[in-house]
$ cat structure.cif   # mmCIF, C-alpha atoms
data_data
#
loop_
_atom_site.label_atom_id
_atom_site.label_comp_id
_atom_site.auth_asym_id
_atom_site.auth_seq_id
_atom_site.Cartn_x
_atom_site.Cartn_y
_atom_site.Cartn_z
CA MET A 1 143.27 174.89 105.88
CA GLU A 2 141.86 177.90 107.73
CA CYS A 3 142.96 179.06 111.18
CA LYS A 4 139.61 178.07 112.76
CA ASN A 5 139.90 174.49 111.49
CA VAL A 6 143.54 174.22 112.49
CA ARG A 7 142.86 175.43 116.04
CA GLU A 8 140.07 172.90 116.47
CA LEU A 9 142.56 170.16 115.63
CA LEU A 10 145.65 171.47 117.41
CA TYR A 11 145.30 169.38 120.55
CA ASP A 12 144.60 166.26 118.46
CA TYR A 13 147.73 167.17 116.50
CA THR A 14 149.85 167.25 119.68
CA LYS A 15 148.60 163.77 120.51
CA ASN A 16 149.22 162.35 117.02
CA GLU A 17 145.50 161.79 116.70
CA THR A 18 145.18 163.45 113.30
CA ALA A 19 145.27 161.53 110.03
CA GLY A 20 148.43 161.74 107.87
CA ALA A 21 147.10 164.22 105.31
CA VAL A 22 145.55 166.45 107.98
CA THR A 23 148.80 166.39 109.98
CA ALA A 24 150.70 167.58 106.89
CA ASP A 25 148.14 170.37 106.31
CA ILE A 26 148.43 171.55 109.91
CA LYS A 27 152.23 171.49 109.73
CA GLY A 28 152.11 173.55 106.55
CA HIS A 29 149.68 176.03 108.09
CA LEU A 30 151.74 176.42 111.29
CA ALA A 31 154.84 177.20 109.29
CA SER A 32 153.18 180.32 107.91
CA CYS A 33 150.70 181.36 110.67
CA THR A 34 152.04 183.08 113.77
CA ALA A 35 148.66 183.19 115.56
CA CYS A 36 148.13 179.43 115.27
CA SER A 37 151.75 178.78 116.28
CA THR A 38 151.13 180.86 119.42
CA GLU A 39 148.00 178.80 120.06
CA LEU A 40 150.06 175.63 119.72
CA LYS A 41 152.59 177.05 122.18
CA ASN A 42 149.76 177.71 124.66
CA ILE A 43 148.69 174.07 124.40
CA MET A 44 152.26 172.87 124.87
CA ASP A 45 152.61 175.14 127.94
CA LEU A 46 149.47 173.60 129.36
CA LYS A 47 150.82 170.12 128.70
CA ASN A 48 154.00 171.12 130.53
CA ILE A 49 151.98 172.20 133.55
CA PHE A 50 150.54 168.67 133.64
CA LYS A 51 154.02 167.15 133.39
CA ALA A 52 155.64 169.41 135.96
CA GLY A 53 152.64 169.38 138.27
CA LEU A 54 152.61 165.61 138.80
CA ALA A 55 152.73 164.82 142.48
CA ASP A 56 155.02 162.09 143.81
CA VAL A 57 153.44 158.95 145.18
CA PRO A 58 153.55 159.00 149.00
CA VAL A 59 156.50 156.89 150.17
CA ASN A 60 154.51 154.56 152.39
CA SER A 61 151.89 153.69 149.77
CA ILE A 62 153.52 150.42 148.90
CA VAL A 63 153.43 149.29 152.55
CA ALA A 64 149.67 148.67 152.62
CA ILE A 65 149.87 146.78 149.33
CA ARG A 66 152.76 144.62 150.61
CA GLU A 67 150.87 143.92 153.83
CA HIS A 68 147.89 142.74 151.77
CA MET A 69 150.15 140.47 149.71
CA LYS A 70 151.51 138.78 152.83
CA LYS A 71 148.03 137.58 153.79
CA PRO A 72 147.23 133.98 152.82
CA ALA A 73 145.25 133.62 149.59
CA ALA A 74 142.21 132.20 151.43
CA LEU A 75 142.12 135.20 153.76
CA ARG A 76 142.51 137.61 150.85
CA LEU A 77 139.58 135.88 149.16
CA PHE A 78 137.53 136.32 152.32
CA LEU A 79 138.49 139.99 152.41
CA LYS A 80 136.80 140.55 149.05
CA PRO A 81 133.40 142.11 149.81
CA VAL A 82 131.46 139.64 147.63
CA PHE A 83 132.96 136.62 149.35
CA ALA A 84 132.71 138.20 152.78
CA VAL A 85 128.98 138.86 152.24
CA ALA A 86 128.51 135.34 150.85
CA ALA A 87 130.30 133.89 153.88
CA VAL A 88 128.13 135.92 156.27
CA PHE A 89 124.98 134.67 154.50
CA LEU A 90 126.27 131.09 154.58
CA ILE A 91 127.00 131.26 158.31
CA ALA A 92 123.70 132.99 159.04
CA GLY A 93 121.85 130.41 156.90
CA THR A 94 123.53 127.51 158.69
CA LEU A 95 122.70 128.96 162.09
CA LEU A 96 119.11 129.59 161.00
CA ILE A 97 118.67 126.04 159.69
CA ASN A 98 120.22 124.59 162.86
CA GLY A 99 117.92 126.79 164.92
CA VAL A 100 114.82 125.68 163.01
CA VAL A 101 115.80 121.99 163.21
CA SER A 102 116.56 122.14 166.93
CA TYR A 103 113.33 124.09 167.51
CA ASN A 104 111.35 121.42 165.62
CA LYS A 105 113.05 118.66 167.61
CA SER A 106 112.32 120.36 170.89
CA ALA A 107 108.69 120.89 169.78
CA GLU A 108 108.42 117.16 168.97
CA LEU A 109 109.83 116.30 172.36
CA ASP A 110 107.41 118.66 174.07
CA ASP A 111 104.49 117.03 172.22
CA PHE A 112 105.73 113.59 173.23
CA LEU A 113 106.04 114.60 176.85
CA ASP A 114 102.62 116.25 176.78
CA ASP A 115 101.12 113.02 175.41
CA SER A 116 102.86 111.00 178.11
CA TYR A 117 101.45 113.12 180.86
CA LYS A 118 97.92 113.23 179.45
CA ILE A 119 95.30 111.46 181.57
CA VAL A 120 93.77 109.04 179.15
CA ASP A 121 90.02 108.98 179.27
CA HIS A 122 89.06 105.27 179.33
CA SER A 123 85.37 105.78 179.99
CA ASP A 124 84.43 104.55 176.48
CA CYS A 125 86.44 101.40 177.02
CA TYR A 126 84.71 100.76 180.32
CA ASP A 127 81.31 101.03 178.65
CA VAL A 128 82.32 98.59 175.90
CA ILE A 129 83.87 96.15 178.38
CA SER A 130 81.02 96.34 180.80
CA ALA A 131 78.50 95.86 177.96
CA SER A 132 80.24 92.76 176.63
CA TYR A 133 80.69 91.49 180.17
CA SER A 134 77.00 91.88 180.94
CA GLU A 135 76.19 90.09 177.67
CA ASP A 136 78.41 87.19 178.73
CA ILE A 137 76.69 87.00 182.10
CA GLU A 138 73.26 87.04 180.48
CA GLN A 139 74.30 84.23 178.18
CA GLU A 140 75.59 82.21 181.13
CA VAL A 141 72.38 82.79 183.10
CA TYR A 142 70.12 81.76 180.31
CA MET B 143 156.33 140.78 145.42
CA ASP B 144 155.77 139.31 141.96
CA PRO B 145 158.38 141.04 139.73
CA LYS B 146 155.82 141.57 136.96
CA PHE B 147 153.38 143.14 139.39
CA GLU B 148 156.15 145.29 140.85
CA GLU B 149 157.04 146.50 137.36
CA ILE B 150 153.41 147.46 136.69
CA TYR B 151 153.26 149.24 140.05
CA ARG B 152 156.50 151.08 139.31
CA GLN B 153 155.36 152.18 135.85
CA ASN B 154 151.82 153.20 136.74
CA SER B 155 151.53 154.10 140.41
CA ARG B 156 152.52 157.74 139.92
CA TYR B 157 150.02 158.23 137.10
CA VAL B 158 147.24 156.34 138.85
CA TYR B 159 147.87 158.44 141.97
CA ASN B 160 147.84 161.68 139.96
CA VAL B 161 144.64 160.81 138.09
CA ALA B 162 142.97 160.09 141.45
CA LEU B 163 144.49 163.26 142.91
CA GLY B 164 143.27 165.29 139.93
CA ILE B 165 139.72 164.02 140.41
CA LEU B 166 139.61 164.07 144.21
CA ARG B 167 142.02 166.94 144.99
CA ASN B 168 142.83 165.27 148.29
CA LYS B 169 146.14 163.50 148.85
CA ASP B 170 144.95 161.00 151.48
CA GLU B 171 141.94 159.97 149.43
CA ALA B 172 144.02 159.70 146.26
CA GLU B 173 146.51 157.48 148.10
CA ASP B 174 143.67 155.36 149.42
CA VAL B 175 142.22 154.96 145.92
CA MET B 176 145.63 154.06 144.50
CA GLN B 177 146.24 151.43 147.17
CA ASN B 178 142.80 149.90 146.68
CA VAL B 179 143.25 149.80 142.93
CA PHE B 180 146.60 147.99 143.16
CA ILE B 181 145.33 145.61 145.84
CA LYS B 182 142.39 144.72 143.59
CA LEU B 183 144.74 144.32 140.67
CA PHE B 184 146.97 142.00 142.73
CA ASP B 185 144.02 139.83 143.72
CA SER B 186 142.97 139.29 140.11
CA PHE B 187 146.41 139.56 138.55
CA GLN B 188 146.53 135.99 137.21
CA THR B 189 143.35 136.46 135.17
CA PHE B 190 144.77 139.25 132.98
CA ARG B 191 146.13 138.74 129.52
CA GLY B 192 148.35 141.46 128.15
CA GLU B 193 149.58 144.66 129.69
CA ALA B 194 147.17 146.88 127.74
CA ASN B 195 144.33 145.07 129.42
CA ILE B 196 145.87 145.72 132.84
CA LYS B 197 146.44 149.41 132.12
CA THR B 198 142.85 149.89 130.98
CA TYR B 199 141.64 148.07 134.10
CA LEU B 200 143.87 150.14 136.38
CA TYR B 201 142.63 153.47 135.12
CA ARG B 202 139.00 152.41 134.88
CA MET B 203 139.20 151.31 138.50
CA THR B 204 140.92 154.56 139.47
CA VAL B 205 138.22 156.68 137.84
CA ASN B 206 135.39 154.56 139.24
CA LYS B 207 136.80 154.47 142.76
CA SER B 208 137.44 158.22 142.71
CA ILE B 209 133.88 158.86 141.55
CA ASP B 210 132.63 156.54 144.32
CA TYR B 211 134.57 158.65 146.80
CA ILE B 212 132.99 161.85 145.47
CA ARG B 213 129.51 160.30 145.63
CA PHE B 214 130.15 159.09 149.18
CA GLN B 215 131.37 162.54 150.19
CA SER B 216 128.42 164.32 148.60
CA LEU B 217 126.03 161.99 150.43
CA HIS B 218 127.81 162.64 153.72
CA SER B 219 128.20 166.37 153.17
CA LYS B 220 124.41 166.52 152.78
CA LYS B 221 124.08 164.66 156.07
CA ASN B 222 126.72 166.82 157.72
CA GLU B 223 125.29 170.16 156.64
CA GLU B 224 123.80 170.70 160.07
CA ILE B 225 126.93 169.60 161.96
CA ALA B 226 129.09 172.58 160.83
CA LEU B 227 132.42 170.88 160.10
CA PRO B 228 135.63 172.89 160.46
CA GLU B 229 137.15 174.36 157.31
CA PRO B 230 139.89 172.20 155.73
CA GLU B 231 143.41 173.54 156.08
CA PRO B 232 144.73 175.32 152.98
CA ASN B 233 147.19 173.28 150.92
CA ASN B 234 150.55 175.06 151.11
CA ASP B 235 152.35 173.12 148.41
CA PRO B 236 155.62 174.91 147.76
CA ASP B 237 155.86 173.67 144.20
CA ALA B 238 154.35 176.29 141.92
CA ALA B 239 153.63 173.88 139.07
CA LYS B 240 151.77 171.52 141.35
CA ALA B 241 149.78 174.39 142.78
CA ALA B 242 149.03 175.72 139.30
CA LEU B 243 147.82 172.33 138.12
CA GLU B 244 145.72 171.86 141.22
CA ASN B 245 144.19 175.27 140.72
CA LEU B 246 143.42 174.65 137.06
CA LEU B 247 141.85 171.26 137.71
CA GLY B 248 139.81 172.68 140.54
CA ASN B 249 138.00 174.86 138.05
CA LEU B 250 137.12 172.09 135.65
CA LYS B 251 133.97 169.98 135.86
CA ASP B 252 134.46 166.23 136.32
CA ASP B 253 132.97 165.25 132.95
CA LEU B 254 135.64 167.36 131.22
CA LYS B 255 138.39 166.84 133.77
CA ILE B 256 138.46 163.03 133.80
CA PRO B 257 139.05 162.58 130.04
CA VAL B 258 141.68 165.35 130.14
CA LEU B 259 143.46 163.66 133.06
CA LEU B 260 143.45 160.32 131.27
CA SER B 261 144.80 162.02 128.15
CA GLU B 262 147.49 164.13 129.80
CA ILE B 263 148.50 162.09 132.84
CA GLY B 264 147.57 158.59 131.70
CA GLY B 265 148.85 159.29 128.18
CA PHE B 266 145.95 157.40 126.62
CA SER B 267 144.67 157.81 123.08
CA TYR B 268 141.06 158.91 122.48
CA LYS B 269 140.11 155.34 121.64
CA GLU B 270 141.58 154.03 124.91
CA ILE B 271 139.84 156.74 126.93
CA ALA B 272 136.56 155.81 125.26
CA SER B 273 137.18 152.21 126.35
CA ILE B 274 138.10 153.16 129.93
CA LEU B 275 135.15 155.49 130.43
CA LYS B 276 132.79 153.40 128.31
CA ILE B 277 131.65 156.41 126.29
CA ASN B 278 131.84 156.89 122.54
CA LEU B 279 134.85 158.30 120.72
CA GLY B 280 133.06 161.49 119.60
CA THR B 281 132.12 162.31 123.19
CA VAL B 282 135.73 161.80 124.32
CA LYS B 283 137.06 164.14 121.62
CA SER B 284 134.45 166.76 122.35
CA ARG B 285 134.97 166.66 126.12
CA ILE B 286 138.75 166.79 125.85
CA ASN B 287 138.65 169.72 123.43
CA ARG B 288 136.20 171.61 125.64
CA GLY B 289 138.35 170.81 128.68
CA ILE B 290 141.56 171.97 127.04
CA THR B 291 139.91 175.15 125.78
CA ARG B 292 138.65 175.88 129.30
CA LEU B 293 142.08 175.16 130.83
CA LYS B 294 143.76 177.47 128.30
CA GLU B 295 141.37 180.25 129.24
CA LEU B 296 142.06 179.68 132.95
CA ALA B 297 145.83 179.54 132.40
CA ALA B 298 145.67 182.79 130.42
CA LYS B 299 143.78 184.46 133.29
CA GLU B 300 146.39 183.23 135.78
CA ALA B 301 149.28 184.52 133.67
#

$ encode --input "structure.cif" --output "structure tokens"
Amino acid sequence: MECKNVRELLYDYTKNETAGAVTADIKGHLASCTACSTELKNIMDLKNIFKAGLADVPVNSIVAIREHMKKPAALRLFLKPVFAVAAVFLIAGTLLINGVVSYNKSAELDDFLDDSYKIVDHSDCYDVISASYSEDIEQEVY
Amino acid sequence: MDPKFEEIYRQNSRYVYNVALGILRNKDEAEDVMQNVFIKLFDSFQTFRGEANIKTYLYRMTVNKSIDYIRFQSLHSKKNEEIALPEPEPNNDPDAAKAALENLLGNLKDDLKIPVLLSEIGGFSYKEIASILKINLGTVKSRINRGITRLKELAAKEA
């Protein structure tokens, strides 16, 4: 294996991501190549920076999680955005339907009251009545 | 607290926090992301089968929530351009290794940084990273190798 190929696979090698035969080739190459061994050391140094550079979790982090756990399951469910939005829509929908129904009822009532107060025009009736009445009189006379 | 959940928190919280911190480079935001991730995990804890599944979920959530934070910030920074916000205070972390890592990660683009963080801090294999980030294995390998090469160059400059 040539240096170029080994270097391309060195990080994979440190993660055990190389196949058995390739791993053996790299090992063999490293045993005899100082430049590639230095390259491997650079990668290991970098990995150590990651290890040593890990920050500690802030002490109070668990507090917020514990507080959440204390809440009743139903409340936690409501706190999920999807359910909260669904609940808002449900409440808004119920209010809207109630509003529409009560509006329709009040409109019906208004119509009823309007009808009650209307002055009924009976002039047609008078004509019919007076016509039949005059017919009756004529019949009686003759 | 559920002992199983506590065990998962104990084993992963530091790594979840550090992956978020690596992406966001802000301690408060990283803490916020970590708390949200564990709260979400707690709420759907009963539905999980197997610890591997939980670990994948944890880190996917961490990456997604951190990216959401960055998107939110970039939206707001565009809005706030005219407001002239004060400069953030410099981070005077006394620990040289932490400062070195922070400096290195600050010079790496997110598409390279996130797979590297999952590899080095999360300790995931390439296959697992592909599953967490929902990208193919070849892309993971390529991004990690480019990221590591870039970090080596930066570390060499620092030294």

$ interface_residues --input "structure.cif" --of "chain A" --to "chain B" --cutoff "10 Å" --atoms "all atoms listed in the file" --output "PyMOL selection string"
chain A and resi 8-12+15-17+39+42-43+45-58+60-70+73+76-77+80

$ atom_distance --input "structure.cif" --atom1 "CA of Met203 (chain B)" --atom2 "CA of Ile274 (chain B)"
8.8 Å

$ closest_residue --input "structure.cif" --among "B:Asn245, B:Asn168, B:Ser208, B:Gly280" --to "Lys299 (chain B)" --atoms "only C-alpha atoms"
B:Asn245

$ atom_distance --input "structure.cif" --atom1 "CA of Asn249 (chain B)" --atom2 "CA of Ile165 (chain B)"
11.2 Å

$ atom_distance --input "structure.cif" --atom1 "CA of Gly289 (chain B)" --atom2 "CA of Leu254 (chain B)"
5.1 Å

$ build_atoms --input "structure.cif" --residues "region 35-68 of chain A" --atoms "N, CA and C atoms" --output "PDB file, in the coordinates of the input"
ATOM      1  N   ALA A  35     149.746 183.279 114.556  1.00  0.00           N
ATOM      2  CA  ALA A  35     148.660 183.190 115.560  1.00  0.00           C
ATOM      3  C   ALA A  35     148.418 181.732 115.948  1.00  0.00           C
ATOM      4  N   CYS A  36     148.365 180.854 114.976  1.00  0.00           N
ATOM      5  CA  CYS A  36     148.130 179.430 115.270  1.00  0.00           C
ATOM      6  C   CYS A  36     149.341 178.803 115.953  1.00  0.00           C
ATOM      7  N   SER A  37     150.536 179.277 115.599  1.00  0.00           N
ATOM      8  CA  SER A  37     151.750 178.780 116.280  1.00  0.00           C
ATOM      9  C   SER A  37     151.730 179.185 117.745  1.00  0.00           C
ATOM     10  N   THR A  38     151.251 180.408 118.012  1.00  0.00           N
ATOM     11  CA  THR A  38     151.130 180.860 119.420  1.00  0.00           C
ATOM     12  C   THR A  38     150.118 179.986 120.160  1.00  0.00           C
ATOM     13  N   GLU A  39     149.034 179.661 119.469  1.00  0.00           N
ATOM     14  CA  GLU A  39     148.000 178.800 120.060  1.00  0.00           C
ATOM     15  C   GLU A  39     148.579 177.412 120.383  1.00  0.00           C
ATOM     16  N   LEU A  40     149.403 176.915 119.480  1.00  0.00           N
ATOM     17  CA  LEU A  40     150.060 175.630 119.720  1.00  0.00           C
ATOM     18  C   LEU A  40     150.995 175.726 120.934  1.00  0.00           C
ATOM     19  N   LYS A  41     151.693 176.847 121.044  1.00  0.00           N
ATOM     20  CA  LYS A  41     152.590 177.050 122.180  1.00  0.00           C
ATOM     21  C   LYS A  41     151.800 177.058 123.494  1.00  0.00           C
ATOM     22  N   ASN A  42     150.612 177.683 123.457  1.00  0.00           N
ATOM     23  CA  ASN A  42     149.760 177.710 124.660  1.00  0.00           C
ATOM     24  C   ASN A  42     149.377 176.289 125.089  1.00  0.00           C
ATOM     25  N   ILE A  43     149.056 175.466 124.092  1.00  0.00           N
ATOM     26  CA  ILE A  43     148.690 174.070 124.400  1.00  0.00           C
ATOM     27  C   ILE A  43     149.894 173.323 124.976  1.00  0.00           C
ATOM     28  N   MET A  44     151.057 173.546 124.380  1.00  0.00           N
ATOM     29  CA  MET A  44     152.260 172.870 124.870  1.00  0.00           C
ATOM     30  C   MET A  44     152.607 173.333 126.293  1.00  0.00           C
ATOM     31  N   ASP A  45     152.385 174.626 126.578  1.00  0.00           N
ATOM     32  CA  ASP A  45     152.610 175.140 127.940  1.00  0.00           C
ATOM     33  C   ASP A  45     151.688 174.437 128.939  1.00  0.00           C
ATOM     34  N   LEU A  46     150.453 174.285 128.502  1.00  0.00           N
ATOM     35  CA  LEU A  46     149.470 173.600 129.360  1.00  0.00           C
ATOM     36  C   LEU A  46     149.897 172.156 129.616  1.00  0.00           C
ATOM     37  N   LYS A  47     150.355 171.513 128.558  1.00  0.00           N
ATOM     38  CA  LYS A  47     150.820 170.120 128.700  1.00  0.00           C
ATOM     39  C   LYS A  47     152.015 170.053 129.661  1.00  0.00           C
ATOM     40  N   ASN A  48     152.846 171.084 129.616  1.00  0.00           N
ATOM     41  CA  ASN A  48     154.000 171.120 130.530  1.00  0.00           C
ATOM     42  C   ASN A  48     153.570 171.301 131.974  1.00  0.00           C
ATOM     43  N   ILE A  49     152.486 172.044 132.169  1.00  0.00           N
ATOM     44  CA  ILE A  49     151.980 172.200 133.550  1.00  0.00           C
ATOM     45  C   ILE A  49     151.577 170.823 134.089  1.00  0.00           C
ATOM     46  N   PHE A  50     150.933 170.021 133.221  1.00  0.00           N
ATOM     47  CA  PHE A  50     150.540 168.670 133.640  1.00  0.00           C
ATOM     48  C   PHE A  50     151.776 167.839 133.997  1.00  0.00           C
ATOM     49  N   LYS A  51     152.795 167.929 133.157  1.00  0.00           N
ATOM     50  CA  LYS A  51     154.020 167.150 133.390  1.00  0.00           C
ATOM     51  C   LYS A  51     154.707 167.578 134.672  1.00  0.00           C
ATOM     52  N   ALA A  52     154.895 168.885 134.806  1.00  0.00           N
ATOM     53  CA  ALA A  52     155.640 169.410 135.960  1.00  0.00           C
ATOM     54  C   ALA A  52     154.826 169.334 137.242  1.00  0.00           C
ATOM     55  N   GLY A  53     153.510 169.334 137.081  1.00  0.00           N
ATOM     56  CA  GLY A  53     152.640 169.380 138.270  1.00  0.00           C
ATOM     57  C   GLY A  53     152.330 168.021 138.865  1.00  0.00           C
ATOM     58  N   LEU A  54     152.884 166.954 138.269  1.00  0.00           N
ATOM     59  CA  LEU A  54     152.610 165.610 138.800  1.00  0.00           C
ATOM     60  C   LEU A  54     153.149 165.476 140.215  1.00  0.00           C
ATOM     61  N   ALA A  55     152.300 165.011 141.102  1.00  0.00           N
ATOM     62  CA  ALA A  55     152.730 164.820 142.480  1.00  0.00           C
ATOM     63  C   ALA A  55     153.428 163.467 142.611  1.00  0.00           C
ATOM     64  N   ASP A  56     154.350 163.368 143.572  1.00  0.00           N
ATOM     65  CA  ASP A  56     155.020 162.090 143.810  1.00  0.00           C
ATOM     66  C   ASP A  56     154.122 161.191 144.657  1.00  0.00           C
ATOM     67  N   VAL A  57     154.224 159.912 144.394  1.00  0.00           N
ATOM     68  CA  VAL A  57     153.440 158.950 145.180  1.00  0.00           C
ATOM     69  C   VAL A  57     153.963 158.954 146.615  1.00  0.00           C
ATOM     70  N   PRO A  58     153.074 159.041 147.611  1.00  0.00           N
ATOM     71  CA  PRO A  58     153.550 159.000 149.000  1.00  0.00           C
ATOM     72  C   PRO A  58     154.409 157.758 149.248  1.00  0.00           C
ATOM     73  N   VAL A  59     155.484 157.950 149.992  1.00  0.00           N
ATOM     74  CA  VAL A  59     156.500 156.890 150.170  1.00  0.00           C
ATOM     75  C   VAL A  59     155.910 155.610 150.751  1.00  0.00           C
ATOM     76  N   ASN A  60     155.007 155.752 151.694  1.00  0.00           N
ATOM     77  CA  ASN A  60     154.510 154.560 152.390  1.00  0.00           C
ATOM     78  C   ASN A  60     153.384 153.832 151.667  1.00  0.00           C
ATOM     79  N   SER A  61     153.023 154.292 150.481  1.00  0.00           N
ATOM     80  CA  SER A  61     151.890 153.690 149.770  1.00  0.00           C
ATOM     81  C   SER A  61     152.053 152.209 149.530  1.00  0.00           C
ATOM     82  N   ILE A  62     153.268 151.818 149.236  1.00  0.00           N
ATOM     83  CA  ILE A  62     153.520 150.420 148.900  1.00  0.00           C
ATOM     84  C   ILE A  62     153.359 149.510 150.117  1.00  0.00           C
ATOM     85  N   VAL A  63     153.476 150.098 151.318  1.00  0.00           N
ATOM     86  CA  VAL A  63     153.430 149.290 152.550  1.00  0.00           C
ATOM     87  C   VAL A  63     152.096 148.557 152.678  1.00  0.00           C
ATOM     88  N   ALA A  64     150.993 149.283 152.480  1.00  0.00           N
ATOM     89  CA  ALA A  64     149.670 148.670 152.620  1.00  0.00           C
ATOM     90  C   ALA A  64     149.479 147.563 151.585  1.00  0.00           C
ATOM     91  N   ILE A  65     150.000 147.785 150.385  1.00  0.00           N
ATOM     92  CA  ILE A  65     149.870 146.780 149.330  1.00  0.00           C
ATOM     93  C   ILE A  65     150.693 145.537 149.695  1.00  0.00           C
ATOM     94  N   ARG A  66     151.903 145.757 150.201  1.00  0.00           N
ATOM     95  CA  ARG A  66     152.760 144.620 150.610  1.00  0.00           C
ATOM     96  C   ARG A  66     152.125 143.848 151.755  1.00  0.00           C
ATOM     97  N   GLU A  67     151.528 144.576 152.696  1.00  0.00           N
ATOM     98  CA  GLU A  67     150.870 143.920 153.830  1.00  0.00           C
ATOM     99  C   GLU A  67     149.746 143.014 153.330  1.00  0.00           C
ATOM    100  N   HIS A  68     148.996 143.518 152.350  1.00  0.00           N
ATOM    101  CA  HIS A  68     147.890 142.740 151.770  1.00  0.00           C
ATOM    102  C   HIS A  68     148.426 141.472 151.105  1.00  0.00           C
TER     103      HIS A  68
END
